[in-house]
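J.: Structure file input.cif (mmCIF, C-alpha atoms and all ligand atoms) is given on the next line.
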data_protein
loop_
_atom_site.label_atom_id
_atom_site.label_comp_id
_atom_site.auth_asym_id
_atom_site.auth_seq_id
_atom_site.Cartn_x
_atom_site.Cartn_y
_atom_site.Cartn_z
CA MET A 1 -7.80 -0.77 -24.97
CA ALA A 2 -5.38 1.01 -22.67
CA HIS A 3 -2.35 -0.39 -20.86
CA ASP A 4 -1.38 0.35 -17.26
CA TRP A 5 -4.13 0.95 -14.78
CA TYR A 6 -1.98 3.43 -12.87
CA ALA A 7 -2.26 5.79 -15.84
CA SER A 8 -6.05 5.73 -15.19
CA PRO A 9 -6.26 6.85 -11.54
CA LEU A 10 -10.05 7.21 -11.49
CA TYR A 11 -10.65 3.55 -12.38
CA TYR A 12 -8.03 2.40 -9.91
CA ASP A 13 -9.67 4.55 -7.25
CA ILE A 14 -13.15 3.20 -7.94
CA ILE A 15 -12.13 -0.40 -7.45
CA PHE A 16 -9.84 0.09 -4.44
CA ASP A 17 -11.97 2.59 -2.55
CA GLN A 18 -14.23 0.03 -0.91
CA ASP A 19 -12.07 -0.53 2.18
CA THR A 20 -10.70 3.00 2.52
CA ALA A 21 -12.67 4.01 5.66
CA LEU A 22 -11.89 0.65 7.31
CA GLU A 23 -8.17 1.03 6.55
CA ALA A 24 -8.16 4.61 7.88
CA ASP A 25 -9.88 3.42 11.09
CA PHE A 26 -7.19 0.77 11.41
CA VAL A 27 -4.39 3.31 10.88
CA GLU A 28 -5.71 5.52 13.69
CA ALA A 29 -6.40 2.62 16.08
CA ALA A 30 -3.01 0.98 15.40
CA PHE A 31 -1.26 4.25 16.21
CA ARG A 32 -3.07 4.48 19.55
CA ARG A 33 -2.17 0.89 20.41
CA TYR A 34 1.38 0.53 19.12
CA ALA A 35 3.13 3.92 18.85
CA ARG A 36 5.23 5.15 21.79
CA PRO A 37 4.10 7.71 22.87
CA ALA A 38 0.65 7.39 21.34
CA GLY A 39 -1.32 10.27 22.83
CA LYS A 40 -1.14 12.59 19.84
CA ARG A 41 -4.39 13.29 17.96
CA ARG A 42 -3.25 15.06 14.79
CA LEU A 43 -0.76 12.69 13.20
CA ARG A 44 1.90 13.42 10.61
CA VAL A 45 1.30 10.57 8.18
CA LEU A 46 3.46 9.37 5.30
CA GLU A 47 2.21 7.12 2.50
CA PRO A 48 4.89 5.81 0.14
CA ALA A 49 3.41 4.94 -3.30
CA ALA A 50 0.16 6.68 -2.40
CA GLY A 51 -1.47 6.04 -5.78
CA SER A 52 -4.80 7.80 -6.31
CA GLY A 53 -4.57 9.33 -2.84
CA ARG A 54 -7.70 7.61 -1.51
CA LEU A 55 -6.15 7.15 1.96
CA MET A 56 -4.40 10.52 1.95
CA VAL A 57 -7.73 12.26 1.33
CA GLU A 58 -9.56 10.19 3.95
CA LEU A 59 -6.89 10.84 6.60
CA ALA A 60 -6.66 14.56 5.71
CA ARG A 61 -10.44 14.79 6.16
CA ARG A 62 -9.96 13.33 9.65
CA GLY A 63 -7.56 16.16 10.49
CA HIS A 64 -4.18 14.49 9.97
CA ALA A 65 -1.24 16.08 8.15
CA VAL A 66 -0.65 13.87 5.11
CA SER A 67 2.36 13.45 2.83
CA GLY A 68 2.78 11.00 0.01
CA PHE A 69 4.56 10.26 -3.22
CA ASP A 70 4.22 7.97 -6.21
CA LEU A 71 6.22 6.98 -9.25
CA GLU A 72 3.34 7.49 -11.68
CA PRO A 73 2.79 11.14 -12.73
CA ALA A 74 -0.94 10.58 -13.41
CA MET A 75 -1.40 9.40 -9.81
CA VAL A 76 0.47 12.43 -8.46
CA GLU A 77 -1.70 14.85 -10.47
CA PHE A 78 -4.90 13.05 -9.55
CA THR A 79 -4.11 13.11 -5.83
CA ARG A 80 -3.12 16.77 -5.86
CA GLY A 81 -6.31 17.63 -7.71
CA ARG A 82 -8.60 15.83 -5.31
CA LEU A 83 -6.90 17.27 -2.22
CA ALA A 84 -7.27 20.76 -3.71
CA SER A 85 -10.87 20.30 -4.80
CA ALA A 86 -11.79 19.02 -1.33
CA GLY A 87 -10.08 22.09 0.23
CA LEU A 88 -7.62 19.82 2.05
CA SER A 89 -3.92 20.36 2.50
CA GLY A 90 -1.34 17.66 1.94
CA GLU A 91 1.88 17.19 0.00
CA MET A 92 2.05 14.77 -2.92
CA ALA A 93 5.21 14.45 -4.97
CA ARG A 94 6.78 12.20 -7.54
CA GLY A 95 9.18 9.74 -5.94
CA ARG A 96 10.45 6.20 -5.61
CA MET A 97 9.84 3.87 -2.68
CA GLU A 98 13.40 2.59 -2.70
CA ARG A 99 15.00 6.04 -2.56
CA PHE A 100 13.33 8.98 -0.88
CA ASP A 101 14.02 11.52 1.81
CA LEU A 102 11.24 13.74 3.12
CA GLY A 103 13.11 14.74 6.25
CA ALA A 104 14.41 12.76 9.22
CA GLY A 105 12.16 12.06 12.20
CA ARG A 106 9.29 13.98 10.62
CA PHE A 107 6.44 11.44 10.73
CA ASP A 108 4.44 9.73 13.49
CA LEU A 109 3.19 6.98 11.24
CA ALA A 110 3.65 5.58 7.76
CA HIS A 111 1.53 3.02 5.94
CA CYS A 112 1.66 1.06 2.71
CA PHE A 113 -1.14 -1.42 1.99
CA VAL A 114 -2.48 -3.68 -0.79
CA SER A 115 0.87 -5.39 -1.59
CA THR A 116 2.45 -2.24 -3.00
CA PHE A 117 5.69 -3.12 -1.20
CA LYS A 118 6.01 -6.17 -3.47
CA TYR A 119 6.80 -3.90 -6.43
CA LEU A 120 10.29 -3.75 -4.96
CA LEU A 121 11.78 -6.69 -6.80
CA THR A 122 15.07 -7.19 -4.97
CA GLU A 123 16.07 -7.68 -1.34
CA ARG A 124 18.30 -4.66 -1.65
CA ALA A 125 15.41 -2.43 -2.81
CA ALA A 126 13.10 -3.78 -0.08
CA ARG A 127 15.65 -3.09 2.66
CA ALA A 128 16.48 0.32 1.21
CA HIS A 129 12.79 1.18 1.33
CA LEU A 130 12.46 0.12 4.97
CA ARG A 131 15.51 2.19 5.89
CA CYS A 132 14.09 5.27 4.13
CA VAL A 133 10.81 4.87 6.03
CA ALA A 134 12.65 4.35 9.33
CA ARG A 135 14.63 7.52 8.74
CA GLY A 136 11.45 9.50 8.11
CA LEU A 137 9.73 8.28 11.29
CA ARG A 138 10.35 9.69 14.75
CA ARG A 139 11.43 7.24 17.45
CA GLY A 140 8.46 5.14 18.59
CA GLY A 141 6.58 5.92 15.36
CA ILE A 142 5.10 2.99 13.42
CA TYR A 143 5.05 1.65 9.88
CA LEU A 144 2.01 -0.42 8.83
CA LEU A 145 3.00 -2.61 5.92
CA GLY A 146 0.36 -4.86 4.32
CA PHE A 147 0.94 -7.46 1.63
CA HIS A 148 -0.02 -10.94 0.43
CA LEU A 149 2.19 -13.86 1.40
CA SER A 150 3.04 -16.62 -1.08
CA ASP A 151 2.43 -20.32 -0.73
CA TYR A 152 5.28 -21.87 -2.73
CA GLY A 153 3.81 -25.34 -2.35
CA ALA A 154 0.36 -24.55 -3.72
CA GLY A 155 1.36 -25.05 -7.37
CA ARG A 156 -1.48 -22.89 -8.63
CA GLY A 157 -2.21 -19.26 -9.27
CA GLU A 158 -4.98 -17.12 -7.82
CA ALA A 159 -7.82 -15.14 -9.32
CA GLU A 160 -9.94 -12.41 -7.76
CA ARG A 161 -12.80 -10.45 -9.30
CA TRP A 162 -15.01 -7.69 -8.03
CA VAL A 163 -16.99 -4.70 -9.26
CA GLY A 164 -16.71 -1.02 -8.30
CA ARG A 165 -19.19 1.73 -9.14
CA ARG A 166 -19.13 5.50 -8.85
CA GLY A 167 -21.57 7.89 -10.46
CA GLY A 168 -22.19 6.59 -13.96
CA VAL A 169 -18.96 4.57 -14.10
CA ARG A 170 -18.82 0.83 -13.50
CA VAL A 171 -15.48 -1.01 -13.35
CA ASP A 172 -15.27 -4.81 -13.43
CA CYS A 173 -11.89 -5.84 -12.08
CA ARG A 174 -10.17 -9.18 -12.44
CA ILE A 175 -6.70 -9.88 -11.03
CA ASP A 176 -4.86 -13.12 -11.87
CA SER A 177 -1.54 -14.19 -10.45
CA ASP A 178 0.63 -17.06 -11.64
CA PRO A 179 2.10 -19.50 -9.12
CA PRO A 180 5.05 -17.92 -7.30
CA ASP A 181 8.51 -18.86 -8.57
CA PRO A 182 10.55 -19.77 -5.46
CA GLU A 183 13.90 -19.40 -7.24
CA ALA A 184 13.27 -16.02 -8.84
CA ARG A 185 11.13 -14.87 -5.88
CA THR A 186 8.61 -13.37 -8.31
CA GLU A 187 5.01 -13.90 -9.34
CA ARG A 188 3.46 -12.60 -12.55
CA VAL A 189 0.26 -10.62 -11.98
CA ARG A 190 -2.27 -9.38 -14.55
CA SER A 191 -5.13 -7.00 -13.99
CA SER A 192 -8.00 -6.50 -16.38
CA LEU A 193 -10.45 -3.64 -15.90
CA ARG A 194 -13.62 -3.56 -17.99
CA VAL A 195 -14.92 -0.03 -17.85
CA HIS A 196 -18.52 0.94 -18.63
CA GLU A 197 -18.85 4.69 -18.87
CA ALA A 198 -21.33 6.98 -20.65
CA GLY A 199 -22.56 4.20 -22.94
CA ARG A 200 -18.98 3.26 -23.89
CA ARG A 201 -16.98 0.19 -22.93
CA HIS A 202 -13.25 -0.19 -22.89
CA ARG A 203 -10.57 -2.27 -21.26
CA VAL A 204 -7.42 -1.48 -19.31
CA GLU A 205 -4.93 -4.36 -19.15
CA THR A 206 -1.78 -4.37 -17.02
CA ALA A 207 0.86 -7.01 -16.27
CA TRP A 208 3.71 -6.81 -13.79
CA ASP A 209 5.96 -8.86 -11.49
CA PHE A 210 5.72 -8.85 -7.72
CA ARG A 211 8.42 -10.03 -5.34
CA THR A 212 7.25 -12.97 -3.25
CA TYR A 213 7.54 -13.59 0.49
CA ASP A 214 6.71 -16.40 2.84
CA ALA A 215 6.82 -15.85 6.60
CA ALA A 216 10.49 -16.90 6.94
CA GLN A 217 11.51 -14.55 4.13
CA VAL A 218 9.69 -11.70 5.84
CA ARG A 219 11.56 -12.44 9.08
CA SER A 220 14.90 -12.60 7.35
CA MET A 221 14.29 -9.27 5.60
CA LEU A 222 13.28 -7.62 8.88
CA ALA A 223 16.37 -8.98 10.65
CA ALA A 224 18.47 -6.96 8.21
CA VAL A 225 16.77 -3.70 9.19
CA PRO A 226 17.34 -3.36 12.94
CA GLU A 227 15.95 0.20 12.87
CA PHE A 228 12.55 -1.50 13.21
CA GLU A 229 11.12 -3.97 15.71
CA LEU A 230 8.16 -6.11 14.70
CA VAL A 231 5.59 -5.44 17.43
CA ALA A 232 2.46 -7.12 16.03
CA CYS A 233 0.79 -8.65 12.99
CA HIS A 234 -2.75 -8.32 11.70
CA ASP A 235 -4.40 -9.26 8.43
CA PHE A 236 -6.46 -7.69 5.66
CA ARG A 237 -9.60 -7.70 7.79
CA TYR A 238 -8.10 -4.61 9.47
CA ALA A 239 -9.39 -5.72 12.87
CA LEU A 240 -7.26 -4.54 15.77
CA GLU A 241 -8.81 -7.13 18.08
CA ASP A 242 -7.47 -9.95 15.85
CA GLU A 243 -3.75 -10.09 16.49
CA ARG A 244 -1.93 -12.88 14.63
CA THR A 245 1.48 -14.50 14.63
CA LEU A 246 3.67 -14.28 11.56
CA ASP A 247 3.47 -17.73 9.95
CA ASP A 248 2.47 -19.37 6.69
CA ASP A 249 -1.09 -20.16 7.77
CA TRP A 250 -2.36 -16.94 6.33
CA GLU A 251 -2.51 -15.42 2.90
CA ASP A 252 -1.86 -11.83 3.88
CA VAL A 253 -0.26 -9.84 6.65
CA ILE A 254 -0.12 -6.34 8.03
CA LEU A 255 3.18 -5.90 9.83
CA VAL A 256 3.30 -3.35 12.61
CA LEU A 257 6.90 -2.11 12.67
CA ARG A 258 8.01 0.33 15.35
CA LYS A 259 11.08 2.50 15.02
CA ARG A 260 13.57 1.80 17.79
C1 LIG A 301 -1.59 -0.89 -5.60
S1 LIG A 301 -1.24 0.86 -5.84
C2 LIG A 301 -1.39 1.40 -4.18
C3 LIG A 301 -1.74 2.83 -4.03
C4 LIG A 301 -2.12 3.26 -2.62
N1 LIG A 301 -1.05 3.03 -1.67
C5 LIG A 301 -3.40 2.59 -2.15
O1 LIG A 301 -3.38 1.94 -1.10
O2 LIG A 301 -4.40 2.72 -2.85
C6 LIG A 301 0.48 0.81 -6.13
C7 LIG A 301 1.13 2.17 -6.44
O3 LIG A 301 2.53 1.99 -6.37
C8 LIG A 301 3.16 2.83 -7.32
N2 LIG A 301 4.53 2.34 -7.47
C9 LIG A 301 4.95 1.15 -8.00
N3 LIG A 301 6.28 1.03 -7.89
C10 LIG A 301 6.71 2.15 -7.25
C11 LIG A 301 8.00 2.62 -6.82
N4 LIG A 301 9.10 1.89 -7.02
N5 LIG A 301 8.06 3.81 -6.18
C12 LIG A 301 6.95 4.57 -5.98
N6 LIG A 301 5.72 4.18 -6.38
C13 LIG A 301 5.60 2.99 -6.99
C14 LIG A 301 2.24 2.74 -8.53
O4 LIG A 301 2.42 3.84 -9.41
C15 LIG A 301 0.85 2.72 -7.85
O5 LIG A 301 0.30 3.99 -7.77
#
Output the file's structure as structure tokens, nothing else.
Ligand SMILES: C[S@@+](CC[C@H](N)C(=O)[O-])C[C@H]1O[C@@H](n2cnc3c(N)ncnc32)[C@H](O)[C@@H]1O
T.:
Amino acid sequence: MAHDWYASPLYYDIIFDQDTALEADFVEAAFRRYARPAGKRRLRVLEPAAGSGRLMVELARRGHAVSGFDLEPAMVEFTRGRLASAGLSGEMARGRMERFDLGAGRFDLAHCFVSTFKYLLTERAARAHLRCVARGLRRGGIYLLGFHLSDYGAGRGEAERWVGRRGGVRVDCRIDSDPPDPEARTERVRSSLRVHEAGRRHRVETAWDFRTYDAAQVRSMLAAVPEFELVACHDFRYALEDERTLDDDWEDVILVLRKR
């Protein structure tokens, strides 16, 4: 048994790759709709906490200039390796979401999906992250930020399971989260990957805390970062035609933040 799924980038990639093309379509379409100006075709794209690089590779294949970073060295190496083996250019470095500087005004668009933002466990870290992203974007550039919202009244946790396959590798993924703690603003999350590979089976177990947000907490955080205006909200269906309001009726949100 291994601990920490981020030390096993291939397994992470297999289970999270299913929506990659859909997310990349959304990134391109959201830029055309919400960035000002939005005519540019070859975008300079930043992905904080880019993980296994699935979206960096997809967007580089589509002709965009991609930059990313991640805290986990195995993820950085994996992403660099797959960009190189696909003959694609892109910069991937080691770095922290709450403290980075890749140059002011350099990017047209940044994105951070699948609740990664919730790894920032304090309000201070969350705001610092948003300010770093704002600094990196040019005026009128957008930040697409997608994460699950918490229902503090639900009194129960959540469980999700699905299966990913690539080549001869099969990964059964189960993610459990405890009920959110409204005082601590955290929820405990556990992932369990059961890997079947070359006649062998093993498990990768990880546990971590996420910061929690309801709609009002999202609004209050955004009010503290005036560098951004909230221009639209969508959800994890990644459908540009479905614009939503920011409220507690939904379980997840993609914020479209535009740099003033
Ligand atoms: C759920 S994965 C998301 C990866 C990628 N953005 C994607 O959509 O597939 C979360 C990533 O965040 C990274 N991470 C967690 N905390 C971080 C931090 N404070 N700074 C930078 N990366 C962090 C982890 O190493 C992991 O690769």
J.: Give me, as JSON lines, each residue of chain A that comes within 6 Å of ligand LIG 301 (chain A), together with its shortest interatomic pair and the distance in Å at one decimal, counting only C-alpha atoms and all ligand atoms, with rows ordered by chain and rising residue number.
T.:
{"residue": "A:Tyr6", "atom": "CA", "partner": "A:LIG301", "partner_atom": "O4", "distance": 5.6}
{"residue": "A:Ala49", "atom": "CA", "partner": "A:LIG301", "partner_atom": "N6", "distance": 3.9}
{"residue": "A:Ala50", "atom": "CA", "partner": "A:LIG301", "partner_atom": "N1", "distance": 3.9}
{"residue": "A:Gly51", "atom": "CA", "partner": "A:LIG301", "partner_atom": "O5", "distance": 3.4}
{"residue": "A:Asp70", "atom": "CA", "partner": "A:LIG301", "partner_atom": "N6", "distance": 4.1}
{"residue": "A:Leu71", "atom": "CA", "partner": "A:LIG301", "partner_atom": "N6", "distance": 4.0}
{"residue": "A:Glu72", "atom": "CA", "partner": "A:LIG301", "partner_atom": "O4", "distance": 4.4}
{"residue": "A:Gly95", "atom": "CA", "partner": "A:LIG301", "partner_atom": "C12", "distance": 5.6}
{"residue": "A:Arg96", "atom": "CA", "partner": "A:LIG301", "partner_atom": "N5", "distance": 3.4}
{"residue": "A:Met97", "atom": "CA", "partner": "A:LIG301", "partner_atom": "N5", "distance": 3.9}
{"residue": "A:Cys112", "atom": "CA", "partner": "A:LIG301", "partner_atom": "N1", "distance": 5.5}
{"residue": "A:Phe113", "atom": "CA", "partner": "A:LIG301", "partner_atom": "O1", "distance": 5.1}
{"residue": "A:Val114", "atom": "CA", "partner": "A:LIG301", "partner_atom": "C1", "distance": 5.6}
{"residue": "A:Thr116", "atom": "CA", "partner": "A:LIG301", "partner_atom": "C6", "distance": 4.8}
{"residue": "A:Tyr119", "atom": "CA", "partner": "A:LIG301", "partner_atom": "N3", "distance": 5.2}
J.: Please indicate the distance in Å from CA of Ala74 in chain A to CA of Glu47 in chain A, rounded to one decimal place.
T.: 16.6 Å
J.: Would you compute an axis-aligned box for range 72-87 of chain A, covering every atom listed for it in the file with 3 Å of margin on each side, and report centre and edge lengths in Å to one decimal as AutoDock Vina command-line options?
T.:
--center_x -4.2 --center_y 14.8 --center_z -6.6 --size_x 21.1 --size_y 20.6 --size_z 19.6
J.: Report, in Å with one decimal, the straight-line distance from CA of Val169 in chain A to CA of Ala198 in chain A.
T.: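 These atoms are spaced 7.4 Å apart.
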J.: Looking at A:Glu23, A:Glu229, A:Glu98, A:Asp108, which one is nearest to Gly136 in chain A, with distances taken over all atoms listed in the file?
T.: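 Selected residue with least distance to Gly136 in chain A: A:Asp108.
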J.: Which residues come within 9 Å of Gly155 in chain A, counting all atoms listed in the file, excluding same-chain residues fewer than 4 positions away, as an NGL selection string?
T.: :A and (151 or 179-180)
J.: Got a sec: who's within 12 Å of Lys40 in chain A, counting all atoms listed in the file, leaving out chain neighbours fewer than 6 positions off, as a list in words?
T.: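 Skipping anything fewer than 6 positions along the chain leaves Glu28, Ala29, Phe31, Arg32, Arg33, Gly63, His64, Phe107, Asp108, Leu109 and Gly141 of chain A.
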J.: Find the residues around Arg161 in chain A up to 7 Å (all atoms listed in the file counted), leave out those fewer than 6 positions away in its own chain, and share them as a PDB file with C-alpha atoms, in the coordinates of the input.
T.:
ATOM      1  CA  CYS A 173     -11.890  -5.840 -12.080  1.00  0.00           C
ATOM      2  CA  ARG A 174     -10.170  -9.180 -12.440  1.00  0.00           C
ATOM      3  CA  ILE A 175      -6.700  -9.880 -11.030  1.00  0.00           C
TER       4      ILE A 175
END
J.: For a cutoff of 10 Å around the file-coordinate point (-4.5, -10.0, -11.4), which residues qualify once you count all atoms listed in the file? I'd like the result as a PyMOL selection string.
T.: chain A and resi 157-161+173-178+188-193+205-208
J.: Generate the coordinates of N, CA and C atoms for range 43-75 of chain A; report them as a short mmCIF file (atom, residue, chain, number, x, y, z; two decimals), in the frame of the given file.
T.:
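Final output, out-v2.cif:
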data_model
loop_
_atom_site.label_atom_id
_atom_site.label_comp_id
_atom_site.auth_asym_id
_atom_site.auth_seq_id
_atom_site.Cartn_x
_atom_site.Cartn_y
_atom_site.Cartn_z
N LEU A 43 -1.98 13.42 13.55
CA LEU A 43 -0.76 12.69 13.20
C LEU A 43 -0.14 13.24 11.92
N ARG A 44 1.18 13.12 11.86
CA ARG A 44 1.90 13.42 10.61
C ARG A 44 2.10 12.06 9.93
N VAL A 45 1.40 11.89 8.81
CA VAL A 45 1.30 10.57 8.18
C VAL A 45 1.99 10.56 6.82
N LEU A 46 2.79 9.54 6.59
CA LEU A 46 3.46 9.37 5.30
C LEU A 46 2.91 8.14 4.59
N GLU A 47 2.59 8.29 3.30
CA GLU A 47 2.21 7.12 2.50
C GLU A 47 3.12 7.01 1.28
N PRO A 48 4.09 6.07 1.33
CA PRO A 48 4.89 5.81 0.14
C PRO A 48 4.01 5.15 -0.92
N ALA A 49 4.20 5.50 -2.19
CA ALA A 49 3.41 4.94 -3.30
C ALA A 49 1.91 5.11 -3.03
N ALA A 50 1.51 6.35 -2.87
CA ALA A 50 0.16 6.68 -2.40
C ALA A 50 -0.91 6.55 -3.48
N GLY A 51 -0.51 6.32 -4.72
CA GLY A 51 -1.47 6.04 -5.78
C GLY A 51 -2.46 7.17 -5.99
N SER A 52 -3.74 6.82 -6.03
CA SER A 52 -4.80 7.80 -6.31
C SER A 52 -5.11 8.68 -5.11
N GLY A 53 -4.42 8.47 -4.01
CA GLY A 53 -4.57 9.33 -2.84
C GLY A 53 -5.81 9.06 -2.02
N ARG A 54 -6.43 7.89 -2.22
CA ARG A 54 -7.70 7.61 -1.51
C ARG A 54 -7.50 7.70 0.01
N LEU A 55 -6.38 7.12 0.51
CA LEU A 55 -6.15 7.15 1.96
C LEU A 55 -5.63 8.51 2.43
N MET A 56 -4.86 9.18 1.58
CA MET A 56 -4.40 10.52 1.95
C MET A 56 -5.60 11.45 2.16
N VAL A 57 -6.55 11.39 1.23
CA VAL A 57 -7.73 12.26 1.33
C VAL A 57 -8.55 11.90 2.57
N GLU A 58 -8.75 10.61 2.79
CA GLU A 58 -9.56 10.19 3.95
C GLU A 58 -8.90 10.64 5.26
N LEU A 59 -7.58 10.47 5.35
CA LEU A 59 -6.89 10.84 6.60
C LEU A 59 -6.80 12.36 6.75
N ALA A 60 -6.66 13.08 5.64
CA ALA A 60 -6.66 14.56 5.71
C ALA A 60 -8.03 15.05 6.19
N ARG A 61 -9.08 14.41 5.70
CA ARG A 61 -10.44 14.79 6.16
C ARG A 61 -10.60 14.59 7.66
N ARG A 62 -9.87 13.60 8.20
CA ARG A 62 -9.96 13.33 9.65
C ARG A 62 -9.02 14.24 10.45
N GLY A 63 -8.35 15.16 9.77
CA GLY A 63 -7.56 16.16 10.49
C GLY A 63 -6.07 15.87 10.57
N HIS A 64 -5.60 14.81 9.90
CA HIS A 64 -4.18 14.49 9.97
C HIS A 64 -3.39 15.25 8.88
N ALA A 65 -2.10 15.41 9.13
CA ALA A 65 -1.24 16.08 8.15
C ALA A 65 -0.65 15.00 7.25
N VAL A 66 -1.01 15.00 5.98
CA VAL A 66 -0.65 13.87 5.11
C VAL A 66 0.42 14.26 4.10
N SER A 67 1.34 13.31 3.87
CA SER A 67 2.36 13.45 2.83
C SER A 67 2.44 12.13 2.09
N GLY A 68 2.65 12.22 0.78
CA GLY A 68 2.78 11.00 0.01
C GLY A 68 3.56 11.24 -1.25
N PHE A 69 3.90 10.15 -1.92
CA PHE A 69 4.56 10.26 -3.22
C PHE A 69 4.23 9.02 -4.02
N ASP A 70 4.47 9.10 -5.32
CA ASP A 70 4.22 7.97 -6.21
C ASP A 70 5.10 8.13 -7.44
N LEU A 71 5.39 6.99 -8.05
CA LEU A 71 6.22 6.98 -9.25
C LEU A 71 5.46 7.48 -10.47
N GLU A 72 4.15 7.27 -10.48
CA GLU A 72 3.34 7.49 -11.68
C GLU A 72 2.81 8.94 -11.71
N PRO A 73 3.21 9.73 -12.72
CA PRO A 73 2.79 11.14 -12.73
C PRO A 73 1.27 11.31 -12.71
N ALA A 74 0.53 10.42 -13.38
CA ALA A 74 -0.94 10.58 -13.41
C ALA A 74 -1.52 10.44 -12.00
N MET A 75 -0.94 9.56 -11.19
CA MET A 75 -1.40 9.40 -9.81
C MET A 75 -1.10 10.66 -8.99
#
